[in-house]
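S.K.: Dumping the structure here so I can ask a few things about it.
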2 protein chains.
Amino acid sequence: MMHMKTGVEQSVYAILLLNMLPNKAVLPCEAISQLLSTSPTYFQKLLRKLVNADLITSVPGVKGGFKLTKRPENICVYDIYQAIEGQKSLYSSSGILGDMLELKQEESCCLLTGLMDEAEYAWKLVMKRETIAALAEKMKEQPFRLKTEELQRWVQEKMVA
Amino acid sequence: MMHMKTGVEQSVYAILLLNMLPNKAVLPCEAISQLLSTSPTYFQKLLRKLVNADLITSVPGVKGGFKLTKRPENICVYDIYQAIEGQKSLYSSSGILGDMLELKQEESCCLLTGLMDEAEYAWKLVMKRETIAALAEKMKEQPFRLKTEELQRWVQEKMVA
DNA sequence: GTACTTTTACTCGGATACCGTCTGTCCGAGTAATTATGG
DNA sequence: CCATAATTACTCGGACAGACGGTATCCGAGTAAAAGTAC
């Protein structure tokens, strides 16, 4: 129903978790997926997309796992969205007008494309504003503060190296 | 992949067609779907949604069909989008943060909802700007003008009453 | 010619099927730290 | 003790199954204009 996949939300929280790691430490997929109550094997594929987008780094082998590639100030919600959902537009013309008017292929002729692109741009602009650093700050505020500290301890416990 | 359905685009063009009708005249579903190269029986269900949204009116019986309910200046692209896609948000939290922090149900606790709502608002705002009247004007401009006049004649031919 | 019936051409709405995408699962392969083994 | 081999715990990536939503198809029902029929 034109809905954002849950993978985006999961990825955001995964990155917020990785942001709690001390330098050089990593968190294995298994631990994260357990906290997010999702399937480890599928969640790995999401992490893979984040790796491909150069948002996180993967370390193979025993004591392996994932960690952030960049500073949290340099990761915005849109980056994560794009990594998971790809760069396809929300709208792309099916060429109906072209068929209706029997135009040649080379004449691009959608009355909506320009408008929709603009709308999508406005939408993405808002997602580019919010960074992981800002979200992490919000987690430290009330009423999440206590629980977030608890979460920090959980991360310390599950992390390796 | 988080993509707008083609039904929205088809509906926009259908309404542009209905906008070409003289007063009191209607256009049957069969004719429209034929022009849009889509399945008549399914397209009827789209038209039904537009009727429910009070954008168009249906006339049953022989010489029946569909026509606009409002003036084209009072129909915007967003109205059509909403009629087809419903009013569900692009994003809705799956409550992951709540689970992670083990919060109670009543504490709404999604870090993304506020941001995403704002983004969606910006997106819809652009779609609310463009009216059917404006799109119809664009069709009368070059390089569509000649073909649009041809389309007008086609509508005259297929309309009833 | 008028009243009534039948036909016809539409809309209405439910049931169902197909297909692509998202999610979930399984498996074999790669990698590197740890442990075991042999001298 | 040191070098090498085996084990272990991860990531990597492909293949495949299940669920779900959008699209498409079929059917019977409702509705009203047109056509046919009876008197």
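Each chain of the structure tokens is named A, B, ... in the order shown, its residues numbered from 1; ligands are numbered from 1 in display order.
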For chain A, work out the contacting residues on chain C at 12 Å, counting only C-alpha atoms (C1' of nucleotides), and write them as a list in words.
M.R.: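 Per the criterion, chain C yields DT21, DC22, DT23, DG24, DT25, DC26, DC27, DG30, DT31, DA32, DA33 and DT34 of chain C.
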S.K.: Residues of the last selection are to be written out with C-alpha atoms (C1' of nucleotides), as a CSV table (one decimal), in the first residue's frame.
M.R.:
```csv
chain,number,residue,atom,x,y,z
C,21,DT,C1',8.1,-7.9,-3.8
C,22,DC,C1',9.3,-8.3,1.0
C,23,DT,C1',10.4,-11.3,4.5
C,24,DG,C1',12.2,-15.5,6.2
C,25,DT,C1',15.0,-20.0,5.9
C,26,DC,C1',18.6,-23.0,4.4
C,27,DC,C1',23.0,-24.1,2.7
C,30,DG,C1',35.2,-17.5,2.8
C,31,DT,C1',37.8,-15.5,6.8
C,32,DA,C1',40.3,-15.1,10.9
C,33,DA,C1',40.8,-15.9,16.0
C,34,DT,C1',41.2,-19.7,18.9
```
S.K.: What would chain B look like once superposed on chain A, with the fit done by least squares over all C-alpha atoms paired in order? Give it as a PDB file with C-alpha atoms, in the first residue's frame.
M.R.:
```
ATOM      1  CA  MET B   1       0.020  -0.033  -0.005  1.00  0.00           C
ATOM      2  CA  MET B   2       2.922   2.255  -0.852  1.00  0.00           C
ATOM      3  CA  HIS B   3       4.476   1.743   2.528  1.00  0.00           C
ATOM      4  CA  MET B   4       8.058   2.020   3.701  1.00  0.00           C
ATOM      5  CA  LYS B   5       9.546  -1.363   4.497  1.00  0.00           C
ATOM      6  CA  THR B   6      10.240  -2.240   8.083  1.00  0.00           C
ATOM      7  CA  GLY B   7      13.824  -2.894   7.037  1.00  0.00           C
ATOM      8  CA  VAL B   8      14.454   0.830   7.011  1.00  0.00           C
ATOM      9  CA  GLU B   9      13.282   1.272  10.562  1.00  0.00           C
ATOM     10  CA  GLN B  10      15.243  -1.765  11.691  1.00  0.00           C
ATOM     11  CA  SER B  11      18.352  -0.441   9.993  1.00  0.00           C
ATOM     12  CA  VAL B  12      18.049   2.913  11.710  1.00  0.00           C
ATOM     13  CA  TYR B  13      17.897   1.297  15.109  1.00  0.00           C
ATOM     14  CA  ALA B  14      20.695  -1.078  14.206  1.00  0.00           C
ATOM     15  CA  ILE B  15      22.882   1.877  13.365  1.00  0.00           C
ATOM     16  CA  LEU B  16      21.903   3.573  16.589  1.00  0.00           C
ATOM     17  CA  LEU B  17      23.101   0.452  18.360  1.00  0.00           C
ATOM     18  CA  LEU B  18      26.374   0.395  16.482  1.00  0.00           C
ATOM     19  CA  ASN B  19      26.769   4.014  17.444  1.00  0.00           C
ATOM     20  CA  MET B  20      26.947   2.926  21.082  1.00  0.00           C
ATOM     21  CA  LEU B  21      30.071   0.878  20.444  1.00  0.00           C
ATOM     22  CA  PRO B  22      33.452   2.087  21.684  1.00  0.00           C
ATOM     23  CA  ASN B  23      36.128   2.549  19.073  1.00  0.00           C
ATOM     24  CA  LYS B  24      37.305  -0.563  17.193  1.00  0.00           C
ATOM     25  CA  ALA B  25      34.629  -2.745  18.763  1.00  0.00           C
ATOM     26  CA  VAL B  26      32.063  -4.595  16.649  1.00  0.00           C
ATOM     27  CA  LEU B  27      28.657  -6.155  17.206  1.00  0.00           C
ATOM     28  CA  PRO B  28      27.693  -9.438  15.504  1.00  0.00           C
ATOM     29  CA  CYS B  29      24.537  -9.701  13.410  1.00  0.00           C
ATOM     30  CA  GLU B  30      23.109 -12.303  15.742  1.00  0.00           C
ATOM     31  CA  ALA B  31      23.090  -9.950  18.722  1.00  0.00           C
ATOM     32  CA  ILE B  32      21.460  -7.080  16.854  1.00  0.00           C
ATOM     33  CA  SER B  33      18.766  -9.180  15.258  1.00  0.00           C
ATOM     34  CA  GLN B  34      18.001 -10.702  18.604  1.00  0.00           C
ATOM     35  CA  LEU B  35      17.408  -7.289  20.124  1.00  0.00           C
ATOM     36  CA  LEU B  36      15.303  -6.198  17.160  1.00  0.00           C
ATOM     37  CA  SER B  37      13.308  -9.445  17.309  1.00  0.00           C
ATOM     38  CA  THR B  38      13.921 -10.214  13.662  1.00  0.00           C
ATOM     39  CA  SER B  39      15.347 -13.058  11.655  1.00  0.00           C
ATOM     40  CA  PRO B  40      19.166 -13.102  11.828  1.00  0.00           C
ATOM     41  CA  THR B  41      19.669 -14.504   8.339  1.00  0.00           C
ATOM     42  CA  TYR B  42      17.447 -11.955   6.733  1.00  0.00           C
ATOM     43  CA  PHE B  43      18.729  -9.118   8.826  1.00  0.00           C
ATOM     44  CA  GLN B  44      22.188  -9.962   7.600  1.00  0.00           C
ATOM     45  CA  LYS B  45      21.063  -9.049   4.112  1.00  0.00           C
ATOM     46  CA  LEU B  46      19.951  -5.669   5.360  1.00  0.00           C
ATOM     47  CA  LEU B  47      23.304  -5.118   7.015  1.00  0.00           C
ATOM     48  CA  ARG B  48      24.912  -6.113   3.748  1.00  0.00           C
ATOM     49  CA  LYS B  49      23.125  -3.260   2.032  1.00  0.00           C
ATOM     50  CA  LEU B  50      24.364  -0.863   4.658  1.00  0.00           C
ATOM     51  CA  VAL B  51      27.890  -2.150   4.062  1.00  0.00           C
ATOM     52  CA  ASN B  52      27.508  -1.629   0.323  1.00  0.00           C
ATOM     53  CA  ALA B  53      26.355   1.910   1.001  1.00  0.00           C
ATOM     54  CA  ASP B  54      29.513   2.370   3.084  1.00  0.00           C
ATOM     55  CA  LEU B  55      27.561   3.255   6.189  1.00  0.00           C
ATOM     56  CA  ILE B  56      28.910   0.350   8.202  1.00  0.00           C
ATOM     57  CA  THR B  57      31.943  -1.928   7.993  1.00  0.00           C
ATOM     58  CA  SER B  58      31.933  -5.668   8.346  1.00  0.00           C
ATOM     59  CA  VAL B  59      34.626  -7.731  10.006  1.00  0.00           C
ATOM     60  CA  PRO B  60      34.593 -11.444   9.124  1.00  0.00           C
ATOM     61  CA  GLY B  61      35.867 -14.309  11.193  1.00  0.00           C
ATOM     62  CA  VAL B  62      35.694 -15.088  14.883  1.00  0.00           C
ATOM     63  CA  LYS B  63      35.165 -11.906  16.897  1.00  0.00           C
ATOM     64  CA  GLY B  64      33.769 -10.413  13.756  1.00  0.00           C
ATOM     65  CA  GLY B  65      30.736  -8.216  13.397  1.00  0.00           C
ATOM     66  CA  PHE B  66      29.720  -4.750  12.249  1.00  0.00           C
ATOM     67  CA  LYS B  67      30.622  -1.221  13.198  1.00  0.00           C
ATOM     68  CA  LEU B  68      30.024   2.257  11.853  1.00  0.00           C
ATOM     69  CA  THR B  69      32.132   3.499   9.001  1.00  0.00           C
ATOM     70  CA  LYS B  70      31.423   7.181   9.573  1.00  0.00           C
ATOM     71  CA  ARG B  71      30.778   9.497  12.481  1.00  0.00           C
ATOM     72  CA  PRO B  72      27.112   9.627  13.527  1.00  0.00           C
ATOM     73  CA  GLU B  73      26.944  13.301  12.558  1.00  0.00           C
ATOM     74  CA  ASN B  74      27.679  12.268   8.998  1.00  0.00           C
ATOM     75  CA  ILE B  75      24.932   9.674   8.693  1.00  0.00           C
ATOM     76  CA  CYS B  76      21.402  10.896   8.066  1.00  0.00           C
ATOM     77  CA  VAL B  77      18.136   9.007   7.966  1.00  0.00           C
ATOM     78  CA  TYR B  78      17.991   9.436   4.228  1.00  0.00           C
ATOM     79  CA  ASP B  79      21.317   7.639   3.796  1.00  0.00           C
ATOM     80  CA  ILE B  80      19.837   4.609   5.496  1.00  0.00           C
ATOM     81  CA  TYR B  81      16.629   4.830   3.540  1.00  0.00           C
ATOM     82  CA  GLN B  82      18.533   4.949   0.291  1.00  0.00           C
ATOM     83  CA  ALA B  83      20.806   2.087   1.272  1.00  0.00           C
ATOM     84  CA  ILE B  84      17.853  -0.188   1.955  1.00  0.00           C
ATOM     85  CA  GLU B  85      15.249   0.925  -0.543  1.00  0.00           C
ATOM     86  CA  GLY B  86      17.577   1.759  -3.385  1.00  0.00           C
ATOM     87  CA  GLN B  87      17.498   4.903  -5.433  1.00  0.00           C
ATOM     88  CA  LYS B  88      14.353   4.269  -7.397  1.00  0.00           C
ATOM     89  CA  SER B  89      11.804   7.057  -7.420  1.00  0.00           C
ATOM     90  CA  LEU B  90       8.532   6.839  -5.552  1.00  0.00           C
ATOM     91  CA  TYR B  91       6.856   7.572  -8.852  1.00  0.00           C
ATOM     92  CA  SER B  92       7.850   6.678 -12.367  1.00  0.00           C
ATOM     93  CA  SER B  93       5.622   7.195 -15.341  1.00  0.00           C
ATOM     94  CA  SER B  94       4.191   4.189 -17.099  1.00  0.00           C
ATOM     95  CA  GLY B  95       3.953   6.200 -20.282  1.00  0.00           C
ATOM     96  CA  ILE B  96       0.181   6.272 -20.382  1.00  0.00           C
ATOM     97  CA  LEU B  97       0.011   9.746 -21.839  1.00  0.00           C
ATOM     98  CA  GLY B  98       2.432   8.743 -24.547  1.00  0.00           C
ATOM     99  CA  ASP B  99       0.178   5.864 -25.508  1.00  0.00           C
ATOM    100  CA  MET B 100      -2.941   7.992 -25.340  1.00  0.00           C
ATOM    101  CA  LEU B 101      -1.526  10.669 -27.586  1.00  0.00           C
ATOM    102  CA  GLU B 102       0.311   8.157 -29.734  1.00  0.00           C
ATOM    103  CA  LEU B 103       3.578   9.992 -29.379  1.00  0.00           C
ATOM    104  CA  LYS B 104       6.962   8.714 -30.340  1.00  0.00           C
ATOM    105  CA  GLN B 105       9.218   7.179 -27.730  1.00  0.00           C
ATOM    106  CA  GLU B 106      11.724   9.995 -27.626  1.00  0.00           C
ATOM    107  CA  GLU B 107       9.144  12.555 -26.592  1.00  0.00           C
ATOM    108  CA  SER B 108       8.981  12.320 -22.844  1.00  0.00           C
ATOM    109  CA  CYS B 109       5.450  13.248 -22.106  1.00  0.00           C
ATOM    110  CA  CYS B 110       4.302  12.645 -18.558  1.00  0.00           C
ATOM    111  CA  LEU B 111       2.361  15.429 -16.913  1.00  0.00           C
ATOM    112  CA  LEU B 112       3.130  14.047 -13.472  1.00  0.00           C
ATOM    113  CA  THR B 113       6.837  13.278 -13.518  1.00  0.00           C
ATOM    114  CA  GLY B 114       7.980  16.840 -12.870  1.00  0.00           C
ATOM    115  CA  LEU B 115       5.549  17.328 -10.044  1.00  0.00           C
ATOM    116  CA  MET B 116       6.264  13.985  -8.447  1.00  0.00           C
ATOM    117  CA  ASP B 117      10.002  14.478  -8.609  1.00  0.00           C
ATOM    118  CA  GLU B 118       9.577  17.772  -6.841  1.00  0.00           C
ATOM    119  CA  ALA B 119       7.371  16.167  -4.202  1.00  0.00           C
ATOM    120  CA  GLU B 120       9.868  13.400  -3.661  1.00  0.00           C
ATOM    121  CA  TYR B 121      12.670  15.909  -3.350  1.00  0.00           C
ATOM    122  CA  ALA B 122      10.782  17.743  -0.613  1.00  0.00           C
ATOM    123  CA  TRP B 123      10.207  14.446   1.128  1.00  0.00           C
ATOM    124  CA  LYS B 124      13.822  13.397   1.032  1.00  0.00           C
ATOM    125  CA  LEU B 125      14.977  16.820   2.128  1.00  0.00           C
ATOM    126  CA  VAL B 126      13.339  16.294   5.505  1.00  0.00           C
ATOM    127  CA  MET B 127      14.951  12.891   5.886  1.00  0.00           C
ATOM    128  CA  LYS B 128      18.328  14.399   5.108  1.00  0.00           C
ATOM    129  CA  ARG B 129      17.999  16.803   8.016  1.00  0.00           C
ATOM    130  CA  GLU B 130      17.988  14.247  10.798  1.00  0.00           C
ATOM    131  CA  THR B 131      21.293  12.613  11.635  1.00  0.00           C
ATOM    132  CA  ILE B 132      22.070   9.556  13.696  1.00  0.00           C
ATOM    133  CA  ALA B 133      23.844  11.818  16.162  1.00  0.00           C
ATOM    134  CA  ALA B 134      20.630  13.794  16.650  1.00  0.00           C
ATOM    135  CA  LEU B 135      18.566  10.641  17.113  1.00  0.00           C
ATOM    136  CA  ALA B 136      21.084   9.328  19.635  1.00  0.00           C
ATOM    137  CA  GLU B 137      20.725  12.575  21.559  1.00  0.00           C
ATOM    138  CA  LYS B 138      16.967  12.117  21.667  1.00  0.00           C
ATOM    139  CA  MET B 139      17.416   8.698  23.170  1.00  0.00           C
ATOM    140  CA  LYS B 140      19.348  10.214  26.044  1.00  0.00           C
ATOM    141  CA  GLU B 141      16.494  12.526  26.906  1.00  0.00           C
ATOM    142  CA  GLN B 142      13.540  11.684  29.078  1.00  0.00           C
ATOM    143  CA  PRO B 143      11.631   9.454  29.167  1.00  0.00           C
ATOM    144  CA  PHE B 144      14.096   7.131  27.452  1.00  0.00           C
ATOM    145  CA  ARG B 145      17.219   7.992  29.381  1.00  0.00           C
ATOM    146  CA  LEU B 146      17.189   5.169  31.912  1.00  0.00           C
ATOM    147  CA  LYS B 147      16.290   2.492  29.415  1.00  0.00           C
ATOM    148  CA  THR B 148      18.898   3.767  27.000  1.00  0.00           C
ATOM    149  CA  GLU B 149      21.601   3.452  29.606  1.00  0.00           C
ATOM    150  CA  GLU B 150      20.447  -0.104  30.137  1.00  0.00           C
ATOM    151  CA  LEU B 151      20.762  -0.636  26.414  1.00  0.00           C
ATOM    152  CA  GLN B 152      24.267   0.772  26.500  1.00  0.00           C
ATOM    153  CA  ARG B 153      25.234  -1.850  29.046  1.00  0.00           C
ATOM    154  CA  TRP B 154      23.680  -4.536  26.875  1.00  0.00           C
ATOM    155  CA  VAL B 155      25.840  -3.408  23.960  1.00  0.00           C
ATOM    156  CA  GLN B 156      28.976  -3.490  26.129  1.00  0.00           C
ATOM    157  CA  GLU B 157      28.100  -7.023  27.031  1.00  0.00           C
ATOM    158  CA  LYS B 158      27.467  -8.297  23.534  1.00  0.00           C
ATOM    159  CA  MET B 159      30.230  -6.501  21.677  1.00  0.00           C
ATOM    160  CA  VAL B 160      33.519  -8.134  20.858  1.00  0.00           C
ATOM    161  CA  ALA B 161      37.142  -7.030  20.494  1.00  0.00           C
TER     162      ALA B 161
END
```
S.K.: Taking only C-alpha atoms (C1' of nucleotides) into account and nothing else, which residues of chain D lie no more than 7 Å away from chain A? Please answer as an MDAnalysis selection string.
M.R.: chainID D and resid 9:11 21
S.K.: So that I can check the secondary structure, give me every residue of chain B assigned strand (DSSP E or B) by backbone DSSP, as a list in words.
M.R.: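 Matching residues, listed in order: Val26, Leu27, Ile56, Thr57, Ser58, Val59, Gly65, Phe66, Lys67, Leu68, Cys76, Thr131 and Val160 of chain B.
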S.K.: Export, as a short mmCIF file (atom, residue, chain, number, x, y, z; two decimals), in the first residue's frame, the selected residues with all heavy atoms.
M.R.:
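Final output, saved to again_32.cif:
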```cif
data_model
loop_
_atom_site.label_atom_id
_atom_site.label_comp_id
_atom_site.auth_asym_id
_atom_site.auth_seq_id
_atom_site.Cartn_x
_atom_site.Cartn_y
_atom_site.Cartn_z
N VAL B 26 -21.48 11.81 -20.08
CA VAL B 26 -20.68 10.84 -19.32
C VAL B 26 -19.88 9.97 -20.29
O VAL B 26 -20.16 9.92 -21.48
CB VAL B 26 -21.57 9.93 -18.44
CG1 VAL B 26 -22.33 10.73 -17.42
CG2 VAL B 26 -22.49 9.10 -19.30
N LEU B 27 -18.87 9.30 -19.70
CA LEU B 27 -18.01 8.42 -20.49
C LEU B 27 -18.01 7.06 -19.80
O LEU B 27 -17.76 6.98 -18.60
CB LEU B 27 -16.60 9.01 -20.53
CG LEU B 27 -15.67 8.69 -21.70
CD1 LEU B 27 -16.31 9.01 -23.04
CD2 LEU B 27 -14.37 9.48 -21.53
N ILE B 56 -15.68 11.85 -8.77
CA ILE B 56 -16.47 11.64 -9.97
C ILE B 56 -17.84 11.07 -9.57
O ILE B 56 -18.02 10.61 -8.45
CB ILE B 56 -15.78 10.69 -10.97
CG1 ILE B 56 -15.70 9.27 -10.41
CG2 ILE B 56 -14.39 11.18 -11.32
CD1 ILE B 56 -15.06 8.27 -11.35
N THR B 57 -18.77 11.12 -10.52
CA THR B 57 -20.12 10.62 -10.28
C THR B 57 -20.38 9.50 -11.28
O THR B 57 -19.95 9.58 -12.42
CB THR B 57 -21.15 11.74 -10.50
OG1 THR B 57 -20.79 12.85 -9.68
CG2 THR B 57 -22.54 11.26 -10.14
N SER B 58 -21.08 8.48 -10.82
CA SER B 58 -21.40 7.39 -11.72
C SER B 58 -22.89 7.41 -12.07
O SER B 58 -23.72 7.71 -11.23
CB SER B 58 -21.04 6.05 -11.08
OG SER B 58 -21.89 5.78 -9.99
N VAL B 59 -23.17 7.07 -13.30
CA VAL B 59 -24.55 6.99 -13.77
C VAL B 59 -24.79 5.58 -14.28
O VAL B 59 -24.17 5.17 -15.26
CB VAL B 59 -24.81 8.00 -14.91
CG1 VAL B 59 -26.23 7.86 -15.43
CG2 VAL B 59 -24.54 9.42 -14.45
N GLY B 65 -22.33 5.96 -17.29
CA GLY B 65 -20.89 6.20 -17.36
C GLY B 65 -20.44 7.04 -16.18
O GLY B 65 -21.08 7.03 -15.13
N PHE B 66 -19.36 7.78 -16.37
CA PHE B 66 -18.79 8.58 -15.29
C PHE B 66 -18.55 10.01 -15.76
O PHE B 66 -18.28 10.25 -16.94
CB PHE B 66 -17.48 7.96 -14.82
CG PHE B 66 -17.64 6.57 -14.28
CD1 PHE B 66 -17.61 5.47 -15.13
CD2 PHE B 66 -17.82 6.36 -12.91
CE1 PHE B 66 -17.75 4.18 -14.62
CE2 PHE B 66 -17.96 5.07 -12.41
CZ PHE B 66 -17.94 3.99 -13.26
N LYS B 67 -18.66 10.91 -14.82
CA LYS B 67 -18.34 12.32 -15.11
C LYS B 67 -17.79 12.95 -13.85
O LYS B 67 -17.88 12.38 -12.76
CB LYS B 67 -19.61 13.05 -15.54
CG LYS B 67 -20.67 13.12 -14.45
CD LYS B 67 -21.94 13.80 -14.93
CE LYS B 67 -23.01 13.74 -13.84
NZ LYS B 67 -24.32 14.20 -14.33
N LEU B 68 -17.21 14.12 -13.98
CA LEU B 68 -16.64 14.80 -12.83
C LEU B 68 -17.73 15.30 -11.89
O LEU B 68 -18.80 15.71 -12.33
CB LEU B 68 -15.78 15.98 -13.28
CG LEU B 68 -14.46 15.66 -13.99
CD1 LEU B 68 -13.62 16.92 -14.14
CD2 LEU B 68 -13.69 14.60 -13.25
N CYS B 76 -7.22 18.30 -7.02
CA CYS B 76 -5.76 18.33 -7.13
C CYS B 76 -5.23 16.90 -7.20
O CYS B 76 -5.94 15.93 -6.91
CB CYS B 76 -5.14 19.08 -5.96
SG CYS B 76 -5.48 18.36 -4.36
N THR B 131 -3.45 21.21 -9.82
CA THR B 131 -4.86 20.87 -10.03
C THR B 131 -5.05 20.25 -11.41
O THR B 131 -4.19 20.36 -12.28
CB THR B 131 -5.76 22.12 -9.94
OG1 THR B 131 -5.45 22.97 -11.05
CG2 THR B 131 -5.56 22.85 -8.64
N VAL B 160 -21.62 9.66 -24.09
CA VAL B 160 -23.05 9.45 -24.30
C VAL B 160 -23.86 10.49 -23.55
O VAL B 160 -23.37 11.11 -22.62
CB VAL B 160 -23.48 8.04 -23.85
CG1 VAL B 160 -22.93 6.99 -24.80
CG2 VAL B 160 -23.06 7.78 -22.45
#
```
S.K.: Mind checking DSSP for chain A and telling me the alpha helix (DSSP H) residues as a PyMOL selection string?
M.R.: chain A and resi 6-18+29-35+40-52+77-85+96-101+113-129+132-139+145-158
S.K.: For the residues selected in the previous step, produce a file with C-alpha atoms as a JSON list (two decimals), in the first residue's frame.
M.R.:
```json
[["chain", "number", "residue", "atom", "x", "y", "z"],
["A", 6, "THR", "CA", 10.22, -2.26, 8.09],
["A", 7, "GLY", "CA", 13.80, -2.92, 7.05],
["A", 8, "VAL", "CA", 14.42, 0.81, 7.02],
["A", 9, "GLU", "CA", 13.25, 1.25, 10.58],
["A", 10, "GLN", "CA", 15.23, -1.77, 11.71],
["A", 11, "SER", "CA", 18.33, -0.46, 10.00],
["A", 12, "VAL", "CA", 18.03, 2.90, 11.72],
["A", 13, "TYR", "CA", 17.88, 1.29, 15.12],
["A", 14, "ALA", "CA", 20.67, -1.09, 14.21],
["A", 15, "ILE", "CA", 22.86, 1.88, 13.36],
["A", 16, "LEU", "CA", 21.89, 3.57, 16.59],
["A", 17, "LEU", "CA", 23.10, 0.45, 18.36],
["A", 18, "LEU", "CA", 26.37, 0.39, 16.46],
["A", 29, "CYS", "CA", 24.54, -9.71, 13.41],
["A", 30, "GLU", "CA", 23.13, -12.33, 15.73],
["A", 31, "ALA", "CA", 23.11, -9.97, 18.71],
["A", 32, "ILE", "CA", 21.46, -7.10, 16.85],
["A", 33, "SER", "CA", 18.77, -9.21, 15.26],
["A", 34, "GLN", "CA", 18.02, -10.72, 18.63],
["A", 35, "LEU", "CA", 17.42, -7.30, 20.13],
["A", 40, "PRO", "CA", 19.17, -13.13, 11.84],
["A", 41, "THR", "CA", 19.67, -14.51, 8.35],
["A", 42, "TYR", "CA", 17.42, -11.99, 6.73],
["A", 43, "PHE", "CA", 18.70, -9.14, 8.82],
["A", 44, "GLN", "CA", 22.16, -9.98, 7.59],
["A", 45, "LYS", "CA", 21.02, -9.07, 4.10],
["A", 46, "LEU", "CA", 19.92, -5.68, 5.35],
["A", 47, "LEU", "CA", 23.29, -5.15, 7.01],
["A", 48, "ARG", "CA", 24.88, -6.13, 3.74],
["A", 49, "LYS", "CA", 23.08, -3.28, 2.02],
["A", 50, "LEU", "CA", 24.34, -0.88, 4.66],
["A", 51, "VAL", "CA", 27.84, -2.16, 4.04],
["A", 52, "ASN", "CA", 27.45, -1.64, 0.30],
["A", 77, "VAL", "CA", 18.11, 9.00, 7.96],
["A", 78, "TYR", "CA", 17.96, 9.43, 4.22],
["A", 79, "ASP", "CA", 21.27, 7.62, 3.79],
["A", 80, "ILE", "CA", 19.80, 4.61, 5.50],
["A", 81, "TYR", "CA", 16.58, 4.83, 3.54],
["A", 82, "GLN", "CA", 18.48, 4.94, 0.29],
["A", 83, "ALA", "CA", 20.76, 2.08, 1.28],
["A", 84, "ILE", "CA", 17.81, -0.20, 1.97],
["A", 85, "GLU", "CA", 15.21, 0.91, -0.54],
["A", 96, "ILE", "CA", 0.24, 6.28, -20.37],
["A", 97, "LEU", "CA", 0.07, 9.75, -21.83],
["A", 98, "GLY", "CA", 2.50, 8.74, -24.52],
["A", 99, "ASP", "CA", 0.25, 5.86, -25.51],
["A", 100, "MET", "CA", -2.87, 8.00, -25.33],
["A", 101, "LEU", "CA", -1.45, 10.67, -27.59],
["A", 113, "THR", "CA", 6.85, 13.29, -13.50],
["A", 114, "GLY", "CA", 8.00, 16.83, -12.86],
["A", 115, "LEU", "CA", 5.55, 17.34, -10.03],
["A", 116, "MET", "CA", 6.26, 14.00, -8.43],
["A", 117, "ASP", "CA", 9.99, 14.48, -8.60],
["A", 118, "GLU", "CA", 9.57, 17.78, -6.83],
["A", 119, "ALA", "CA", 7.37, 16.18, -4.19],
["A", 120, "GLU", "CA", 9.85, 13.41, -3.65],
["A", 121, "TYR", "CA", 12.66, 15.92, -3.34],
["A", 122, "ALA", "CA", 10.77, 17.75, -0.60],
["A", 123, "TRP", "CA", 10.18, 14.46, 1.14],
["A", 124, "LYS", "CA", 13.80, 13.40, 1.03],
["A", 125, "LEU", "CA", 14.96, 16.83, 2.13],
["A", 126, "VAL", "CA", 13.31, 16.30, 5.51],
["A", 127, "MET", "CA", 14.93, 12.90, 5.90],
["A", 128, "LYS", "CA", 18.31, 14.40, 5.12],
["A", 129, "ARG", "CA", 17.96, 16.82, 8.02],
["A", 132, "ILE", "CA", 22.06, 9.57, 13.69],
["A", 133, "ALA", "CA", 23.84, 11.83, 16.16],
["A", 134, "ALA", "CA", 20.62, 13.80, 16.65],
["A", 135, "LEU", "CA", 18.56, 10.65, 17.13],
["A", 136, "ALA", "CA", 21.09, 9.35, 19.63],
["A", 137, "GLU", "CA", 20.71, 12.59, 21.56],
["A", 138, "LYS", "CA", 16.97, 12.14, 21.68],
["A", 139, "MET", "CA", 17.43, 8.71, 23.20],
["A", 145, "ARG", "CA", 17.24, 8.00, 29.39],
["A", 146, "LEU", "CA", 17.22, 5.19, 31.92],
["A", 147, "LYS", "CA", 16.33, 2.50, 29.43],
["A", 148, "THR", "CA", 18.91, 3.78, 27.01],
["A", 149, "GLU", "CA", 21.63, 3.45, 29.63],
["A", 150, "GLU", "CA", 20.48, -0.10, 30.15],
["A", 151, "LEU", "CA", 20.78, -0.63, 26.43],
["A", 152, "GLN", "CA", 24.30, 0.77, 26.49],
["A", 153, "ARG", "CA", 25.26, -1.85, 29.04],
["A", 154, "TRP", "CA", 23.71, -4.54, 26.86],
["A", 155, "VAL", "CA", 25.85, -3.39, 23.95],
["A", 156, "GLN", "CA", 29.00, -3.48, 26.11],
["A", 157, "GLU", "CA", 28.13, -7.02, 27.02],
["A", 158, "LYS", "CA", 27.48, -8.30, 23.52]]
```
S.K.: Would you mind listing what lies within 10 Å of C:DC19 as a ChimeraX atom specification, with only C-alpha atoms (C1' of nucleotides) counted and same-chain residues fewer than 2 positions away left out?
M.R.: /C:17,21 /D:22-23
S.K.: What is the atom C1' of C:DG28-atom C1' of D:DG13 distance in Å, reported with one decimal?
M.R.: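 Distance reported for this atom pair: 9.7 Å.
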S.K.: Can you tell me how far atom C1' of C:DT16 sits from atom C1' of D:DG30, in Å to one decimal?
M.R.: 21.9 Å
